[in-house]
Amino acid sequence: MNIKISTLAFTLLLLVGTTGCMRDFLDRSPYGSVDDGTFFTQKEHANLTAIGGYSTLLHFNNHWADAQLELGMTDDFSPNGFDDATPFYGATFNPANGDIVNGMWSRGFSAIAELSKSIQGIEKMDGSIIKDEEKAMYISELKFIRAFWYFRLLRFYGDLPLRASAVQDPTKEDQVMMPLTPKEKLISDLIVPDLIQASQNLPDRWPDESYNRATKGAALATLMEVYVYSKEYDKAIEAGKKVESLGYTLLDDPNNVLRVDYEGNSELIFSVGHGAAAETYREYYYGTVEEVKDKGRIMRGDSYSGNYFYPSQDLINAYEMIDGTKPGASSLYNPTESWKYRDPRFDATFYTPMDELTTDKGATLMWTKEMLDNHETGYDIQKRGVYYGESTWHKRKDFVLIRLPRVYLLMAEAYALKSAPDYSAASRYIEKVRSRARAFALAHPDKYIPAGLSEDQVLPPHKITSREEALAALDYENRVEFFTEDCYRYYDLKRWGTLQTKWPKVGNFVWSDKFFDLPYPSSETDINKNIKQSW
């Protein structure tokens with residue numbers, strides 16, 4: 001059963017309760033309800049319920065705020081371009097009606113309620129219906145998704161209400177108007193136990209048609225990131241080694257990691273599937289001009305508003321030259337051909353004259369500056385936004401959430417930041433990511449390497465002998481490897497304590513500590529007397 005049908009399955013499974021004397025509260029924060037009398041009576045119901053849980057991941061936020069969150073409050077994007085992203089650029093979050101603030105909270109806690117109800121339903125199924133092993137597996141799937149949501153929410157809001165079980169009586173204040181729980185307790189009491197249970201009960205692999213379902217690797221990789229977040233570095237290393245043992249391998253070509261035709265590839269650990277007919281606000285506002293005269297369309301993902309996300313000049317300048325130096329400090333850099341002799345991930349991220357494109361009409365052509373949409377910094381983003389040759393123009397690309405390079409770089413961070421740092425081990429794991437780009441450049445010297453540059457001068461390894469050097473290397477590799485993938489850079493800068501030095505470069509405002517976490521929605525604080533506004 002293909003996980004991409006999860007929207008339909010979940011629609012069939014769930015009813016949202018919005019009745020009682022607290023109708024206003026429930027309308028704002030719905031609680032999932034599955035009819036226990038007619039469901040959870042056959043083994044397949046557990047499977048369908050687990051599949052349904054993934055539909056909560058189809059929308060991380062409201063409307064355009066899905067894309068706004070990916071800006072990550074960092075210096076990766078230009079403040080020009082996508083108009084609806086201005087709350088990030090100007091730090092003008094509106095707790096009363098902003099999609100960014102309200103959307104993730106509403107979707108997150110609706111998901112948590114639905115998942116907890118589903119877990120409770122499967123837990124009630126006895127041995128005459130389903131074997132204990134299968135039961136534990138499906139419960140673990142749902143607990144993985146719940147832990148994923150909680151970890152996502154706390155990285156944006158900080159302390160949160162802890163809801164480890166389904167609401168039994170939504171008319172009772174003590175069950176719905178819960179106080180804030182410190183994020184450290186959320187991690188120790190719910191997130192880590194749920195992820196450990198998932199790592200013990202989920203399979204190493206699902207059948208190919210269900211590659212989007214959570215696996216042991218997804219649970220362990222998420223557990224590893226939680227441990228890095230909470231500075232439990234030895235535990236993070238232990239979890240990371242278990243992920244490594246599961247057989248994931250890097251693709252050779254960094255251009256292919258996010259292509260539609262490489263979904264389910266060997267370095268993918270977890271992704272959210274969007275079927276061809278699945279409607280979603282997650283449009284991909286990356287790309288170059290939509291159409292080249294009569295040759296057809298060359299961008300995937302529509303933009304009826306005509307706005308696109310543009311990379312910042314800071315990001316463009318961050319990509320190293322092929323000799324490992326910055327553009328302004330390299331003799332290889334030519335400002336009129338600034339795309340030449342760069343880290344191959346530059347070409348994988350932006351359109352350059354090296355790109356051969358195939359339109360939806362089957363025409364093959366080389367990209368030229370005449371196709372450029374972003375004249376501010378001279379580069380359009382192709383990573384994740386485009387699949388060459390896809391005739392179904394509106395097909396959604398899976399949303400990739402965990403890849404093997406993320407595990408390697410988190411391992412490097414854990415080794416570098418532990419109480420007795422091991423910079424040699426940190427270097428080895430950073431090299432696992434960087435060496436892919438180097439090998440690809442060496443395999444295509446005509447595209448990336450100028451005459452006279454020796455092999456050992458091509459993207460030389462980072463020098464790491466201190467915490468500062470380790471963080472600088474991690475900042476670079478994470479930034480160029482995961483640009484356009486979820487909110488990784490925001491998570492990293494926030495965890496390292498450097499967000500305030502990076503984010504103000506995007507907009508013209510003075511940093512305030514209140515920007516570190518999002519405010520709680522006023523729809524929550526107005527009704528729930530146990531939660532006080534953080535702003």
# chains A, B, ... in the order shown; residues from 1 in each chain; ligands from 1
call {"tool": "residues_around", "arguments": {"residues": "range 435-439 of chain A", "least_positions_apart": "6", "cutoff": "8 Å", "atoms": "only C-alpha atoms", "output": "PDB file with N, CA, C and O atoms, in the first residue's frame"}}
result
ATOM      1  N   LEU A 250      25.419   7.221   0.303  1.00  0.00           N
ATOM      2  CA  LEU A 250      25.258   8.467  -0.439  1.00  0.00           C
ATOM      3  C   LEU A 250      25.166   8.201  -1.941  1.00  0.00           C
ATOM      4  O   LEU A 250      25.846   7.319  -2.469  1.00  0.00           O
ATOM      5  N   ASP A 252      26.074   9.267  -5.756  1.00  0.00           N
ATOM      6  CA  ASP A 252      27.307   9.844  -6.296  1.00  0.00           C
ATOM      7  C   ASP A 252      27.119  11.288  -6.741  1.00  0.00           C
ATOM      8  O   ASP A 252      28.039  12.101  -6.632  1.00  0.00           O
ATOM      9  N   ASP A 253      25.930  11.602  -7.237  1.00  0.00           N
ATOM     10  CA  ASP A 253      25.676  12.906  -7.856  1.00  0.00           C
ATOM     11  C   ASP A 253      24.868  13.800  -6.927  1.00  0.00           C
ATOM     12  O   ASP A 253      23.693  13.508  -6.646  1.00  0.00           O
ATOM     13  N   PRO A 254      25.437  14.895  -6.419  1.00  0.00           N
ATOM     14  CA  PRO A 254      24.672  15.788  -5.533  1.00  0.00           C
ATOM     15  C   PRO A 254      23.497  16.463  -6.232  1.00  0.00           C
ATOM     16  O   PRO A 254      22.611  17.009  -5.557  1.00  0.00           O
ATOM     17  N   ASP A 343      32.363  24.898  -5.788  1.00  0.00           N
ATOM     18  CA  ASP A 343      31.892  23.661  -5.166  1.00  0.00           C
ATOM     19  C   ASP A 343      30.730  23.145  -6.021  1.00  0.00           C
ATOM     20  O   ASP A 343      29.788  23.895  -6.313  1.00  0.00           O
ATOM     21  N   PRO A 344      30.744  21.882  -6.473  1.00  0.00           N
ATOM     22  CA  PRO A 344      29.673  21.382  -7.357  1.00  0.00           C
ATOM     23  C   PRO A 344      28.267  21.555  -6.795  1.00  0.00           C
ATOM     24  O   PRO A 344      27.290  21.560  -7.544  1.00  0.00           O
ATOM     25  N   ARG A 345      28.150  21.730  -5.491  1.00  0.00           N
ATOM     26  CA  ARG A 345      26.826  21.943  -4.906  1.00  0.00           C
ATOM     27  C   ARG A 345      26.259  23.312  -5.275  1.00  0.00           C
ATOM     28  O   ARG A 345      25.054  23.538  -5.164  1.00  0.00           O
ATOM     29  N   VAL A 458      41.634  20.173  -4.785  1.00  0.00           N
ATOM     30  CA  VAL A 458      40.198  20.211  -5.048  1.00  0.00           C
ATOM     31  C   VAL A 458      39.431  20.021  -3.735  1.00  0.00           C
ATOM     32  O   VAL A 458      39.521  18.974  -3.084  1.00  0.00           O
ATOM     33  N   LEU A 459      38.694  21.047  -3.336  1.00  0.00           N
ATOM     34  CA  LEU A 459      37.936  21.032  -2.077  1.00  0.00           C
ATOM     35  C   LEU A 459      38.716  20.315  -0.972  1.00  0.00           C
ATOM     36  O   LEU A 459      38.293  19.269  -0.464  1.00  0.00           O
TER      37      LEU A 459
END
call {"tool": "closest_residue", "arguments": {"among": "A:Ala425, A:Leu153, A:Leu202, A:Ala164", "to": "Tyr491 in chain A", "atoms": "only C-alpha atoms"}}
result
A:Leu153
call {"tool": "closest_residue", "arguments": {"among": "A:Ile129, A:Phe482, A:Val292, A:Ile145", "to": "Asp360 in chain A", "atoms": "only C-alpha atoms"}}
result
A:Val292
call {"tool": "atom_distance", "arguments": {"atom1": "CA of Gly378 in chain A", "atom2": "CA of Trp339 in chain A"}}
result
10.3 Å
call {"tool": "residues_around", "arguments": {"residues": "Gly108 in chain A", "least_positions_apart": "2", "cutoff": "10 Å", "atoms": "only C-alpha atoms", "output": "CSV table (one decimal) with C-alpha atoms, in the first residue's frame"}}
result
chain,number,residue,atom,x,y,z
A,29,SER,CA,-7.8,23.5,18.8
A,56,THR,CA,-0.7,15.2,9.7
A,57,LEU,CA,2.7,15.9,8.1
A,59,HIS,CA,0.9,20.5,6.1
A,60,PHE,CA,3.3,21.9,8.6
A,61,ASN,CA,1.6,25.3,8.6
A,102,ASN,CA,-0.9,30.3,14.5
A,103,GLY,CA,-0.7,27.7,11.7
A,104,MET,CA,2.1,25.5,13.0
A,105,TRP,CA,0.6,25.6,16.6
A,106,SER,CA,-2.8,24.6,15.3
A,110,SER,CA,-4.3,18.9,16.1
A,111,ALA,CA,-1.9,16.3,14.9
A,112,ILE,CA,-0.8,15.4,18.4
A,113,ALA,CA,-4.4,15.0,19.5
A,114,GLU,CA,-5.2,12.8,16.5
A,146,ARG,CA,4.0,12.5,17.5
A,148,PHE,CA,8.5,14.4,15.4
A,149,TRP,CA,5.8,17.0,15.9
A,150,TYR,CA,6.7,17.8,19.5
A,152,ARG,CA,9.4,20.5,15.8
A,153,LEU,CA,7.1,22.6,17.9
call {"tool": "closest_residue", "arguments": {"among": "A:Tyr227, A:Phe483, A:Tyr248, A:Tyr233", "to": "Ala348 in chain A", "atoms": "only C-alpha atoms"}}
result
A:Phe483
call {"tool": "closest_residue", "arguments": {"among": "A:Ser271, A:Gln313, A:Asn256, A:Asn528", "to": "Arg213 in chain A", "atoms": "only C-alpha atoms"}}
result
A:Ser271
call {"tool": "closest_atom_pairs", "arguments": {"of": "range 345-441 of chain A", "to": "range 321-338 of chain A", "cutoff": "12 Å", "atoms": "only C-alpha atoms", "output": "Markdown table"}}
result
| residue | atom | partner | partner_atom | distance |
| --- | --- | --- | --- | --- |
| A:Arg345 | CA | A:Ile322 | CA | 10.4 |
| A:Phe346 | CA | A:Met321 | CA | 9.3 |
| A:Asp347 | CA | A:Ser338 | CA | 10.9 |
| A:Phe350 | CA | A:Ser338 | CA | 11.6 |
| A:Tyr351 | CA | A:Ser338 | CA | 11.9 |
| A:Thr352 | CA | A:Ser338 | CA | 9.5 |
| A:Pro353 | CA | A:Glu337 | CA | 9.4 |
| A:Met354 | CA | A:Glu337 | CA | 11.3 |
| A:Lys369 | CA | A:Glu337 | CA | 11.3 |
| A:Thr377 | CA | A:Ser338 | CA | 11.2 |
| A:Gly378 | CA | A:Ser338 | CA | 9.8 |
| A:Tyr379 | CA | A:Ser338 | CA | 10.2 |
| A:Arg434 | CA | A:Gly324 | CA | 10.8 |
| A:Ala437 | CA | A:Ile322 | CA | 9.7 |
| A:Arg438 | CA | A:Ile322 | CA | 8.4 |
| A:Ala439 | CA | A:Ile322 | CA | 11.6 |
| A:Phe440 | CA | A:Ile322 | CA | 11.4 |
| A:Ala441 | CA | A:Ile322 | CA | 8.2 |
call {"tool": "closest_residue", "arguments": {"among": "A:Ser534, A:Ser523, A:Gln120, A:Asn265", "to": "Asp159 in chain A", "atoms": "only C-alpha atoms"}}
result
A:Ser534
